[in-house]
Every structure is written in C-alpha cells, then in structure tokens.
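J.: As input, take upload-v2.csv (CSV, C-alpha atoms):
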chain,number,residue,atom,x,y,z
A,21,MET,CA,-36.6,-20.6,52.4
A,22,ALA,CA,-39.3,-19.7,50.0
A,23,ILE,CA,-39.7,-18.0,46.7
A,24,ALA,CA,-39.4,-14.2,47.2
A,25,LYS,CA,-42.2,-11.8,46.4
A,26,LYS,CA,-39.9,-10.3,43.7
A,27,ALA,CA,-41.5,-13.0,41.6
A,28,ILE,CA,-44.7,-10.9,41.3
A,29,VAL,CA,-43.0,-7.8,40.0
A,30,TRP,CA,-40.7,-9.8,37.8
A,31,GLY,CA,-43.7,-11.6,36.3
A,32,LEU,CA,-45.3,-8.3,35.4
A,33,PHE,CA,-42.0,-7.0,34.1
A,34,ALA,CA,-41.5,-10.0,31.9
A,35,ALA,CA,-45.1,-10.0,30.6
A,36,GLY,CA,-44.9,-6.2,30.0
A,37,GLY,CA,-41.6,-6.6,28.2
A,38,THR,CA,-43.1,-9.2,25.9
A,39,VAL,CA,-46.1,-7.0,25.2
A,40,THR,CA,-44.1,-3.8,24.7
A,41,ALA,CA,-41.6,-5.5,22.4
A,42,PHE,CA,-44.4,-6.6,20.1
A,43,VAL,CA,-47.2,-4.1,20.5
A,44,VAL,CA,-45.5,-0.8,21.2
A,45,PRO,CA,-43.5,-0.5,18.0
A,46,ALA,CA,-46.6,-1.3,16.0
A,47,LEU,CA,-48.5,1.4,18.0
A,48,ILE,CA,-45.8,4.0,17.4
A,49,THR,CA,-45.9,3.2,13.7
A,50,LEU,CA,-49.7,3.5,13.6
A,51,PHE,CA,-49.7,6.8,15.6
A,52,LEU,CA,-47.0,8.2,13.2
A,53,LEU,CA,-49.2,7.2,10.2
A,54,VAL,CA,-52.2,8.9,11.8
A,55,ALA,CA,-50.2,12.0,12.7
A,56,THR,CA,-49.1,12.4,9.1
A,57,GLY,CA,-52.7,12.1,7.9
A,58,ASN,CA,-52.5,8.6,6.5
A,59,VAL,CA,-55.1,7.0,8.7
A,60,PRO,CA,-55.4,3.3,7.9
A,61,ASP,CA,-58.8,1.7,7.7
A,62,GLY,CA,-60.1,0.7,11.1
A,63,LEU,CA,-58.2,3.5,12.9
A,64,GLN,CA,-60.6,6.3,12.0
A,65,PHE,CA,-61.7,8.0,15.2
A,66,ASP,CA,-65.2,6.6,15.1
A,67,GLN,CA,-64.1,3.1,14.5
A,68,PHE,CA,-61.4,3.2,17.2
A,69,HIS,CA,-63.7,4.9,19.6
A,70,ALA,CA,-66.1,2.1,19.0
A,71,PHE,CA,-63.4,-0.5,19.7
A,72,ALA,CA,-62.4,1.3,22.9
A,73,SER,CA,-66.0,1.4,23.9
A,74,SER,CA,-66.4,-2.4,23.7
A,75,TRP,CA,-65.4,-4.6,26.7
A,76,LEU,CA,-63.0,-6.6,24.5
A,77,GLY,CA,-61.4,-3.4,23.3
A,78,LYS,CA,-61.1,-2.0,26.9
A,79,ALA,CA,-59.6,-5.3,28.1
A,80,CYS,CA,-57.0,-5.3,25.3
A,81,LEU,CA,-56.0,-1.7,25.8
A,82,PHE,CA,-55.9,-2.2,29.6
A,83,ILE,CA,-53.6,-5.2,29.3
A,84,VAL,CA,-51.2,-3.2,27.0
A,85,LEU,CA,-51.2,-0.1,29.2
A,86,PHE,CA,-51.0,-1.9,32.6
A,87,LEU,CA,-48.3,-4.3,31.7
A,88,SER,CA,-46.2,-1.6,29.9
A,89,VAL,CA,-46.4,0.7,33.0
A,90,TRP,CA,-45.2,-2.2,35.3
A,91,HIS,CA,-42.5,-3.1,32.8
A,92,ALA,CA,-41.2,0.5,32.8
A,93,ALA,CA,-41.3,0.7,36.6
A,94,HIS,CA,-39.3,-2.4,37.1
A,95,ARG,CA,-36.9,-1.5,34.4
A,96,LEU,CA,-36.3,1.9,36.0
A,97,ARG,CA,-35.6,0.2,39.3
A,98,VAL,CA,-33.0,-2.1,37.7
A,99,VAL,CA,-31.4,0.8,35.8
A,100,ALA,CA,-31.1,2.8,39.0
A,101,HIS,CA,-29.4,-0.2,40.6
A,102,ASP,CA,-27.0,-0.6,37.7
A,103,PHE,CA,-26.3,3.2,37.9
A,104,GLY,CA,-25.0,2.7,41.4
A,105,ILE,CA,-28.0,4.1,43.3
A,106,ARG,CA,-28.3,1.9,46.4
A,107,LYS,CA,-31.7,3.0,47.7
A,108,ASP,CA,-33.5,0.0,46.4
A,109,ALA,CA,-36.4,0.0,48.9
A,110,LEU,CA,-37.1,3.7,48.3
A,111,ILE,CA,-36.8,3.4,44.5
A,112,ALA,CA,-38.9,0.3,44.4
A,113,SER,CA,-41.7,2.0,46.5
A,114,ALA,CA,-41.6,5.1,44.2
A,115,VAL,CA,-41.6,3.3,40.8
A,116,TYR,CA,-44.2,0.8,41.8
A,117,THR,CA,-46.4,3.5,43.4
A,118,VAL,CA,-46.3,5.4,40.1
A,119,ALA,CA,-47.1,2.1,38.2
A,120,ALA,CA,-50.1,1.4,40.6
A,121,ILE,CA,-51.4,5.0,40.0
A,122,GLY,CA,-50.9,4.5,36.2
A,123,THR,CA,-52.9,1.2,36.4
A,124,VAL,CA,-55.8,2.9,38.2
A,125,LEU,CA,-55.8,5.9,35.8
A,126,ALA,CA,-55.7,3.6,32.8
A,127,ALA,CA,-58.7,1.6,34.2
A,128,PHE,CA,-60.5,4.8,35.1
A,129,TYR,CA,-60.1,6.5,31.7
A,130,LEU,CA,-60.9,3.4,29.8
A,131,LEU,CA,-64.1,3.0,31.8
A,132,THR,CA,-65.1,6.6,30.9
A,133,ILE,CA,-65.0,5.8,27.2
A,134,GLY,CA,-68.2,4.9,25.5
B,26,MET,CA,7.7,-24.1,9.7
B,27,SER,CA,9.4,-21.7,12.0
B,28,THR,CA,7.5,-20.1,14.7
B,29,ARG,CA,7.9,-16.4,15.5
B,30,ILE,CA,9.2,-15.4,18.9
B,31,ARG,CA,7.9,-12.1,20.3
B,32,ASP,CA,9.0,-10.4,23.5
B,33,MET,CA,6.0,-9.8,25.6
B,34,GLU,CA,5.9,-7.7,28.8
B,35,LEU,CA,3.8,-9.4,31.5
B,36,GLU,CA,2.6,-7.2,34.3
B,37,ILE,CA,1.6,-9.6,37.0
B,38,MET,CA,-0.1,-8.7,40.2
B,39,ARG,CA,1.7,-9.9,43.2
B,40,TYR,CA,0.4,-10.2,46.7
B,41,ASP,CA,1.6,-12.0,49.7
B,42,PRO,CA,-0.8,-11.2,52.6
B,43,GLU,CA,1.9,-12.0,55.2
B,44,LYS,CA,4.3,-9.4,53.7
B,45,ASP,CA,2.5,-6.9,51.5
B,46,GLU,CA,0.2,-4.3,52.6
B,47,ALA,CA,-1.5,-4.1,49.2
B,48,PRO,CA,-1.2,-5.9,45.9
B,49,TRP,CA,1.5,-4.6,43.5
B,50,PHE,CA,2.6,-5.3,40.0
B,51,GLN,CA,5.8,-6.9,38.8
B,52,SER,CA,6.9,-6.8,35.2
B,53,TYR,CA,8.6,-9.7,33.4
B,54,THR,CA,9.8,-9.8,29.8
B,55,VAL,CA,9.0,-13.2,28.3
B,56,PRO,CA,10.1,-14.4,24.8
B,57,CYS,CA,6.8,-15.8,23.7
B,58,ASN,CA,6.2,-18.3,21.0
B,59,GLU,CA,3.2,-17.0,19.0
B,60,ASP,CA,1.6,-20.4,19.4
B,61,TRP,CA,1.6,-20.1,23.2
B,62,VAL,CA,-1.3,-19.3,25.4
B,63,ILE,CA,-0.9,-16.9,28.3
B,64,LEU,CA,-0.6,-19.9,30.7
B,65,ASP,CA,2.6,-20.9,28.8
B,66,ALA,CA,4.0,-17.4,29.3
B,67,ILE,CA,3.2,-17.5,33.0
B,68,ASN,CA,4.7,-20.9,33.3
B,69,TYR,CA,7.8,-19.5,31.6
B,70,VAL,CA,8.0,-16.9,34.3
B,71,LYS,CA,7.7,-19.5,37.0
B,72,ASP,CA,10.2,-21.9,35.4
B,73,ASN,CA,12.9,-19.3,34.3
B,74,LEU,CA,12.4,-15.9,36.0
B,75,ASP,CA,10.7,-16.1,39.3
B,76,THR,CA,9.9,-19.3,41.2
B,77,THR,CA,8.0,-17.5,43.9
B,78,LEU,CA,5.0,-16.7,41.6
B,79,ALA,CA,1.9,-18.5,42.8
B,80,PHE,CA,-1.0,-19.4,40.4
B,81,ARG,CA,-3.3,-22.3,39.7
B,82,TRP,CA,-3.3,-24.5,36.7
B,83,SER,CA,-3.6,-28.2,35.9
B,84,CYS,CA,-4.8,-29.6,32.6
B,85,HIS,CA,-3.8,-26.9,30.0
B,86,MET,CA,-6.7,-28.0,27.8
B,87,MET,CA,-9.9,-26.2,29.0
B,88,VAL,CA,-11.1,-29.1,31.2
B,89,CYS,CA,-10.1,-28.4,34.8
B,90,GLY,CA,-11.1,-24.8,35.0
B,91,SER,CA,-8.2,-23.9,37.3
B,92,CYS,CA,-6.4,-21.2,35.4
B,93,GLY,CA,-9.0,-18.5,35.3
B,94,MET,CA,-7.4,-15.0,35.6
B,95,MET,CA,-8.0,-11.4,34.5
B,96,VAL,CA,-6.1,-10.8,31.3
B,97,ASN,CA,-6.0,-7.1,30.4
B,98,GLY,CA,-9.1,-6.7,32.6
B,99,GLU,CA,-11.1,-9.5,31.0
B,100,PRO,CA,-11.9,-12.7,32.9
B,101,SER,CA,-10.2,-15.4,30.8
B,102,LEU,CA,-9.2,-19.0,30.9
B,103,THR,CA,-5.4,-18.5,30.4
B,104,CYS,CA,-5.0,-21.9,28.7
B,105,LYS,CA,-7.4,-20.7,26.0
B,106,THR,CA,-6.1,-17.1,25.6
B,107,PHE,CA,-3.5,-17.0,22.8
B,108,VAL,CA,-0.5,-14.8,22.9
B,109,ARG,CA,-1.0,-13.9,19.2
B,110,ASP,CA,-4.3,-12.2,20.0
B,111,LEU,CA,-2.8,-9.9,22.5
B,112,PRO,CA,-0.6,-6.7,22.4
B,113,ASP,CA,3.1,-6.6,23.5
B,114,LYS,CA,2.1,-5.6,27.0
B,115,VAL,CA,-0.3,-7.7,29.0
B,116,ARG,CA,-1.6,-7.2,32.5
B,117,ILE,CA,-2.4,-10.4,34.5
B,118,GLU,CA,-4.4,-10.2,37.7
B,119,PRO,CA,-6.3,-12.6,39.9
B,120,LEU,CA,-10.0,-13.1,39.2
B,121,GLU,CA,-12.1,-10.0,40.2
B,122,ASN,CA,-14.6,-10.2,43.0
B,123,PHE,CA,-12.7,-12.8,45.0
B,124,PRO,CA,-10.3,-12.4,48.0
B,125,ILE,CA,-6.7,-13.0,47.0
B,126,GLU,CA,-5.0,-15.9,48.7
B,127,ARG,CA,-1.6,-15.1,47.1
B,128,ASP,CA,-0.5,-13.6,43.8
B,129,LEU,CA,-2.9,-15.0,41.2
B,130,VAL,CA,-4.6,-17.5,43.5
B,131,VAL,CA,-8.0,-16.5,44.8
B,132,VAL,CA,-10.1,-17.9,47.6
B,133,LEU,CA,-13.1,-19.8,46.2
B,134,ASP,CA,-14.7,-20.9,49.5
B,135,ASP,CA,-17.8,-18.7,48.9
B,136,VAL,CA,-18.6,-20.2,45.5
B,137,MET,CA,-17.8,-23.7,46.7
B,138,GLN,CA,-20.4,-23.2,49.5
B,139,LYS,CA,-22.9,-21.9,46.9
B,140,LEU,CA,-22.4,-24.8,44.6
B,141,HIS,CA,-23.3,-27.1,47.5
B,142,GLN,CA,-26.2,-24.9,48.6
B,143,VAL,CA,-28.2,-25.2,45.3
B,144,GLN,CA,-28.5,-29.0,45.6
B,145,PRO,CA,-26.8,-29.9,42.4
B,146,TYR,CA,-27.8,-33.6,42.2
B,147,ILE,CA,-30.8,-35.6,41.1
B,148,MET,CA,-33.5,-35.6,43.8
B,149,ARG,CA,-36.2,-38.3,43.7
B,150,LYS,CA,-39.4,-38.6,45.7
B,151,ASP,CA,-38.8,-42.4,45.7
B,152,ASP,CA,-35.4,-42.1,47.2
B,153,PRO,CA,-33.8,-44.6,47.6
B,154,PRO,CA,-35.1,-45.9,44.3
B,155,ALA,CA,-36.4,-49.4,44.0
B,156,GLU,CA,-33.9,-52.0,42.9
B,157,ASP,CA,-33.6,-52.8,39.2
B,158,VAL,CA,-35.3,-49.5,38.2
B,159,GLU,CA,-33.7,-47.5,35.4
B,160,TYR,CA,-34.5,-43.9,34.8
B,161,ASN,CA,-34.1,-43.6,31.0
B,162,GLN,CA,-33.4,-40.4,29.1
B,163,THR,CA,-33.9,-39.8,25.5
B,164,ARG,CA,-31.5,-37.8,23.4
B,165,GLY,CA,-34.0,-35.0,23.2
B,166,GLN,CA,-34.3,-34.9,27.0
B,167,LEU,CA,-30.5,-34.8,27.3
B,168,MET,CA,-30.2,-32.0,24.8
B,169,LYS,CA,-32.4,-29.7,26.9
B,170,PHE,CA,-29.6,-29.3,29.4
B,171,LYS,CA,-26.4,-30.7,27.9
B,172,GLN,CA,-24.9,-27.3,27.2
B,173,LEU,CA,-25.3,-26.5,30.9
B,174,THR,CA,-23.1,-29.5,31.9
B,175,MET,CA,-20.2,-28.0,30.1
B,176,CYS,CA,-19.4,-25.7,33.0
B,177,ILE,CA,-15.9,-26.3,34.4
B,178,ASN,CA,-16.2,-24.0,37.4
B,179,CYS,CA,-13.5,-21.6,36.2
B,180,MET,CA,-15.4,-18.8,37.9
B,181,CYS,CA,-14.8,-16.3,35.1
B,182,CYS,CA,-18.6,-15.6,35.2
B,183,TYR,CA,-18.3,-14.6,38.9
B,184,ALA,CA,-15.4,-12.3,38.0
B,185,ALA,CA,-17.5,-10.7,35.3
B,186,CYS,CA,-20.7,-10.4,37.2
B,187,PRO,CA,-21.5,-6.8,38.4
B,188,GLN,CA,-24.2,-8.1,40.7
B,189,TYR,CA,-21.9,-10.5,42.5
B,190,ALA,CA,-19.4,-7.6,42.9
B,191,LEU,CA,-22.1,-5.6,44.7
B,192,ASN,CA,-23.7,-8.4,46.8
B,193,LYS,CA,-21.7,-11.4,47.8
B,194,ASP,CA,-24.8,-13.1,49.0
B,195,PHE,CA,-26.0,-13.4,45.4
B,196,ILE,CA,-25.8,-17.1,44.5
B,197,GLY,CA,-24.3,-16.1,41.1
B,198,PRO,CA,-24.1,-17.5,37.6
B,199,ALA,CA,-22.3,-20.8,37.8
B,200,ALA,CA,-24.1,-22.2,40.8
B,201,LEU,CA,-27.5,-21.0,39.4
B,202,THR,CA,-26.7,-22.6,36.0
B,203,LEU,CA,-25.7,-25.8,37.6
B,204,ALA,CA,-29.0,-25.9,39.5
B,205,HIS,CA,-30.9,-25.2,36.3
B,206,ARG,CA,-29.1,-28.2,34.7
B,207,TYR,CA,-30.8,-30.4,37.3
B,208,ASN,CA,-34.1,-28.6,37.1
B,209,LEU,CA,-34.2,-29.5,33.4
B,210,ASP,CA,-33.2,-33.1,33.9
B,211,ASN,CA,-36.2,-35.4,33.3
B,212,ARG,CA,-34.9,-37.8,36.0
B,213,ASP,CA,-35.0,-35.1,38.7
B,214,GLN,CA,-38.0,-34.4,40.9
B,215,GLY,CA,-36.5,-31.7,43.1
B,216,LYS,CA,-37.3,-28.6,41.0
B,217,SER,CA,-39.9,-27.2,43.5
B,218,ASP,CA,-37.6,-27.7,46.5
B,219,ARG,CA,-34.6,-26.2,44.6
B,220,LEU,CA,-36.6,-23.2,43.4
B,221,ASN,CA,-37.3,-22.3,47.0
B,222,ILE,CA,-33.5,-21.6,47.3
B,223,LEU,CA,-32.9,-20.4,43.7
B,224,ALA,CA,-35.7,-17.9,43.7
B,225,ASP,CA,-35.3,-16.6,47.2
B,226,HIS,CA,-34.0,-13.1,47.8
B,227,ASP,CA,-30.4,-13.7,46.9
B,228,GLY,CA,-31.2,-16.0,44.0
B,229,VAL,CA,-32.2,-15.3,40.4
B,230,TRP,CA,-33.9,-12.0,41.0
B,231,ASP,CA,-30.6,-10.3,41.8
B,232,CYS,CA,-29.5,-10.8,38.2
B,233,SER,CA,-30.2,-7.7,36.1
B,234,PHE,CA,-29.4,-9.5,32.9
B,235,VAL,CA,-26.2,-7.6,32.1
B,236,GLY,CA,-25.1,-10.8,30.3
B,237,ALA,CA,-21.4,-10.4,31.1
B,238,CYS,CA,-21.3,-14.0,32.4
B,239,SER,CA,-22.3,-15.4,29.1
B,240,GLU,CA,-19.8,-13.2,27.2
B,241,VAL,CA,-16.8,-14.4,29.1
B,242,CYS,CA,-17.8,-18.0,29.5
B,243,PRO,CA,-15.0,-20.0,27.8
B,244,LYS,CA,-17.3,-23.0,27.4
B,245,HIS,CA,-20.2,-21.1,25.9
B,246,VAL,CA,-22.6,-22.3,28.7
B,247,ASP,CA,-24.7,-19.1,28.6
B,248,PRO,CA,-25.5,-18.7,32.3
B,249,ALA,CA,-27.4,-15.5,31.6
B,250,ALA,CA,-30.0,-17.5,29.6
B,251,ALA,CA,-30.2,-20.2,32.2
B,252,ILE,CA,-30.9,-17.6,34.9
B,253,GLN,CA,-33.7,-15.9,32.8
B,254,GLN,CA,-35.3,-19.3,32.3
B,255,MET,CA,-35.2,-19.9,36.0
B,256,LYS,CA,-36.9,-16.5,36.6
B,257,VAL,CA,-39.8,-17.7,34.6
B,258,ASP,CA,-39.8,-21.0,36.5
B,259,GLY,CA,-39.6,-19.1,39.8
B,260,ALA,CA,-42.5,-16.8,38.9
B,261,VAL,CA,-44.7,-19.8,37.8
B,262,GLU,CA,-43.7,-21.8,40.9
B,263,PHE,CA,-44.5,-18.8,43.2
B,264,TRP,CA,-48.1,-18.6,41.9
B,265,LYS,CA,-48.5,-22.4,42.0
B,266,GLN,CA,-47.5,-22.4,45.6
B,267,LYS,CA,-49.8,-19.5,46.4
B,268,MET,CA,-52.7,-21.4,44.7
B,269,GLY,CA,-51.8,-24.6,46.6
B,270,ILE,CA,-50.8,-26.5,43.5
B,271,VAL,CA,-48.0,-28.7,44.7
B,272,GLY,CA,-46.3,-31.0,42.3
B,273,ASP,CA,-43.3,-31.8,40.2
B,274,LYS,CA,-42.6,-33.6,37.1
B,275,SER,CA,-42.4,-37.3,37.7
Show this structure as structure tokens.
T.:
Amino acid sequence: MAIAKKAIVWGLFAAGGTVTAFVVPALITLFLLVATGNVPDGLQFDQFHAFASSWLGKACLFIVLFLSVWHAAHRLRVVAHDFGIRKDALIASAVYTVAAIGTVLAAFYLLTIG
Amino acid sequence: MSTRIRDMELEIMRYDPEKDEAPWFQSYTVPCNEDWVILDAINYVKDNLDTTLAFRWSCHMMVCGSCGMMVNGEPSLTCKTFVRDLPDKVRIEPLENFPIERDLVVVLDDVMQKLHQVQPYIMRKDDPPAEDVEYNQTRGQLMKFKQLTMCINCMCCYAACPQYALNKDFIGPAALTLAHRYNLDNRDQGKSDRLNILADHDGVWDCSFVGACSEVCPKHVDPAAAIQQMKVDGAVEFWKQKMGIVGDKS
C-alpha cells in the first residue's frame, strides 16, 4: 500500500481553495470598483500593467490563476461524482486536461505582458 | 410532577432473511412517556407487544454505541433521541448502508475489519520499549486528539455517509477518525506507515466533504474535520516520500 496519486490533485485543490477563498472575493470587488469607474490608486492601467510586467507580479498572478483553475477542476470532478455521474476516470481526464491547458495559457499570456 | 403519556405509532422495519423475501413495516401503538427516549419505546414493544422483535442495545446511556438506528430517516442513537422531540408517527429502520441481519440488527463485519485495518494502536520504533521507560503526555498533547477518543462506534456516521453508500471499499468516517486519533498522539510513531493505508485509493480521498458524518455524530466527534486534516497529512507525506524524506515524530 502507498499513498495514492490523488494526493497531488487534492494538494492543488486545497491550495487553490485557500487562495480563491481569500483572493477571488477581493479581486471581484476590485473589478466591480473599476467597472463602475472608481479605480483605486494602484489599479490604474499603467500601474497594474507595470505590476504584471514585473517577475514578482507575474509570479503572483500565475499562482492565483493556476491554483484557481486546478481548484475548479477538482471541484467539478467531485460535484459530478456527488450528482451521480459514475464516469470518474473520464471526468477526471477532461477536467484536469482543461486545467492543464488553462495553466499553460495563463503562463503564456503572462509572459507576453511587458 | 405528573408526566404526560402520548400514544405514538412506531413503524418498525421487520426482516427475517429465513422467512421474508424483502423487509416490511409493522406498526405498533405505544403509550409513550414524554421523558422516554425511542429506545424505551422499542423496549416497550419488545416487553409488551411483540417479543419477536430483534434489536441491539446495552447501556441506555450513550456509552456502548449499540442502539444506532434510523429514526425518521436520520441515523440516530436511540438512547439519545427523545420522544418529546418527535411527531406522533415515527419510522424506525436499521442503519442504512449495512446488510440486515434481522429486523433492526445490522451486520457490522465490514466496519469491524476496517477498524482493525487502520492500525488503531500506538506503534513505536523501539517496540518493545525498554523497561522502566515512561512516555509522558502533557495536557496540551492530550487535548489535540481527546475529542476523537469519544467515538463509541455506533456507526451512525457510516449510515449517513453518501460515499460509503456508493463504495463499500471506502474506509469510512469512524475508522479514519480512530486512525487520526493515533496519528495525533505524541507517543505514537506509526503515522507514516498508517498514512500508506489511510491515504491509499480507498482512504481519505474518497471523502467529498459532505459532512453528514459530523452532523449525525451523537458524541460530536467531528469525523469530517479529522478526515480533512488527514488529507493534508496525506498530501504532505506523499511529497515527503517522493523526495525521500523518511521520518516520523519521535
């Protein structure tokens, strides 16, 4: 007996859950503020573009995006299971493939900034 | 002070595998004292109305864990479920997710095997320990897991668990919680070995954190929390093993 590889995806799910629980509500609030024209200091386009152009900014944004995507993928897998869909291997492959593509795209687009 | 008597209709599931093709319900009208628990009402049936009714009970004080049953569809310890909190008609069934041995008695062999499987005992590297050695424990170290020792194996958590209902290989709430109790014990050194069982395919990962186990637990053990903590331990241990870091608390 050994620890199953499910530990890997659960680790990403747990880390992503923690990140999304703290960061995403703040991001949504900030985006709503920006959308209504109340742009806070530091979130002006030029300033945020500069942040996303720096390696520290890229790393922060990548961590948030990458973990959120993997959290969502694993959550969808569990929800499908709880809804009685019994094709776990197929669903796992599908959601994790989408998460992997999302990870690559996040990295790609972050690298193109700046 | 006079106590009120209320007629209650108990719909009790009956099943004798040697005679019945399928379980069926039999109704009994029981003059219940409002201070009674459901177990008293079932005992009234056994003593006064139908001696053939089979069910388990022993202590009548939330210690032995024998009298777990479904009361109106909810896994309940019947010695803790008061008549006054229930409507006039109550349906009593054996615990969900287990084969029925007879009437309200279920077969618990599967869970007994799982309780054994998770190695619920203190494991030491220096086994047998040297003579005259004491392994002390502070109050703080005890408090880390004391709540988990409150489990009385009533199996209400297994009856409530939707994952155990789907997959009987899932180790399940009570056994996993018992294992976590030993993982958290400062005198134990078997956490790594135990996690190889607990975090294998049919271990903690099968739990989707519905939390029904913790809701029905009559002793407030909170198995769902224990399992989530063990998932963290399992994930950390996985990477430690991959990186060749072997070790345990001493």
J.: Nearest to chain A among B:Leu167, B:Cys104, B:Val143, B:Met95, with distances taken over only C-alpha atoms: which residue is it?
T.: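 Between B:Leu167, B:Cys104, B:Val143, B:Met95, the residue approaching chain A most closely is B:Val143.
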J.: Would you give me, as a ChimeraX atom specification, the residues of chain B that come within 7 Å of chain A, using all atoms listed in the file?
T.: /B:220-222,224-226,230,233,259-260,263
J.: Selection from above, C-alpha atoms, as a PDB file, in the frame of the given file, can you write it?
T.:
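Heads up, here's the output in selection24.pdb:
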ATOM      1  CA  LEU B 220     -36.600 -23.200  43.400  1.00  0.00           C
ATOM      2  CA  ASN B 221     -37.300 -22.300  47.000  1.00  0.00           C
ATOM      3  CA  ILE B 222     -33.500 -21.600  47.300  1.00  0.00           C
ATOM      4  CA  ALA B 224     -35.700 -17.900  43.700  1.00  0.00           C
ATOM      5  CA  ASP B 225     -35.300 -16.600  47.200  1.00  0.00           C
ATOM      6  CA  HIS B 226     -34.000 -13.100  47.800  1.00  0.00           C
ATOM      7  CA  TRP B 230     -33.900 -12.000  41.000  1.00  0.00           C
ATOM      8  CA  SER B 233     -30.200  -7.700  36.100  1.00  0.00           C
ATOM      9  CA  GLY B 259     -39.600 -19.100  39.800  1.00  0.00           C
ATOM     10  CA  ALA B 260     -42.500 -16.800  38.900  1.00  0.00           C
ATOM     11  CA  PHE B 263     -44.500 -18.800  43.200  1.00  0.00           C
TER      12      PHE B 263
END
J.: Around (-49.5, -3.3, 34.1) in the file's own coordinates, what residues are found within 10 Å if you use all atoms listed in the file, given back as a list in words?
T.: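 Selection result: Val29, Leu32, Phe33, Ala35, Gly36, Phe82, Ile83, Val84, Leu85, Phe86, Leu87, Ser88, Val89, Trp90, His91, Ala92, Ala93, Ala119, Ala120, Gly122, Thr123, Val124 and Ala126 of chain A.
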J.: Determine, counting only C-alpha atoms, which protein, DNA and RNA residues have an atom within 6 Å of an atom of region 44-57 of chain B; residues of the same chain fewer than 4 positions away are not included. Present the result as a PyMOL selection string.
T.: chain B and resi 30-40
J.: So which one's closest to Val136 (chain B), B:Met255, B:Leu78, B:Cys182, B:Val96? Using all atoms listed in the file, please.
T.: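 Among the listed residues, the smallest separation from Val136 (chain B) belongs to B:Cys182.
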J.: Which residue gives the smallest distance to Asp231 (chain B) among A:Pro60, A:Trp75, A:Asp108, A:Leu47, with all atoms listed in the file counted?
T.: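 Closest to Asp231 (chain B) of all the choices is A:Asp108.
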J.: In Å, rounded to a single decimal, give me how far CA of Leu96 (chain A) is from CA of Leu110 (chain A).
T.: 12.5 Å
J.: For Arg97 (chain A), work out the shell of residues within 10 Å, counting all atoms listed in the file and skipping chain neighbours fewer than 6 positions away, then give it as a CSV table (one decimal) with C-alpha atoms, in the frame of the given file.
T.:
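This is the output file around-v1.csv:
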chain,number,residue,atom,x,y,z
A,103,PHE,CA,-26.3,3.2,37.9
A,105,ILE,CA,-28.0,4.1,43.3
A,107,LYS,CA,-31.7,3.0,47.7
A,108,ASP,CA,-33.5,0.0,46.4
A,109,ALA,CA,-36.4,0.0,48.9
A,110,LEU,CA,-37.1,3.7,48.3
A,111,ILE,CA,-36.8,3.4,44.5
A,112,ALA,CA,-38.9,0.3,44.4
A,113,SER,CA,-41.7,2.0,46.5
A,114,ALA,CA,-41.6,5.1,44.2
A,115,VAL,CA,-41.6,3.3,40.8
A,116,TYR,CA,-44.2,0.8,41.8
J.: Expressed in Å to a single decimal, how great is the separation between CA of Ser101 (chain B) and CA of Leu120 (chain B)?
T.: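 Computed distance, CA of Ser101 (chain B) to CA of Leu120 (chain B), equals 8.7 Å.
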J.: By how many Å are CA of Asp213 (chain B) and CA of Val261 (chain B) apart?
T.: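 Distance reported for this atom pair: 18.1 Å.
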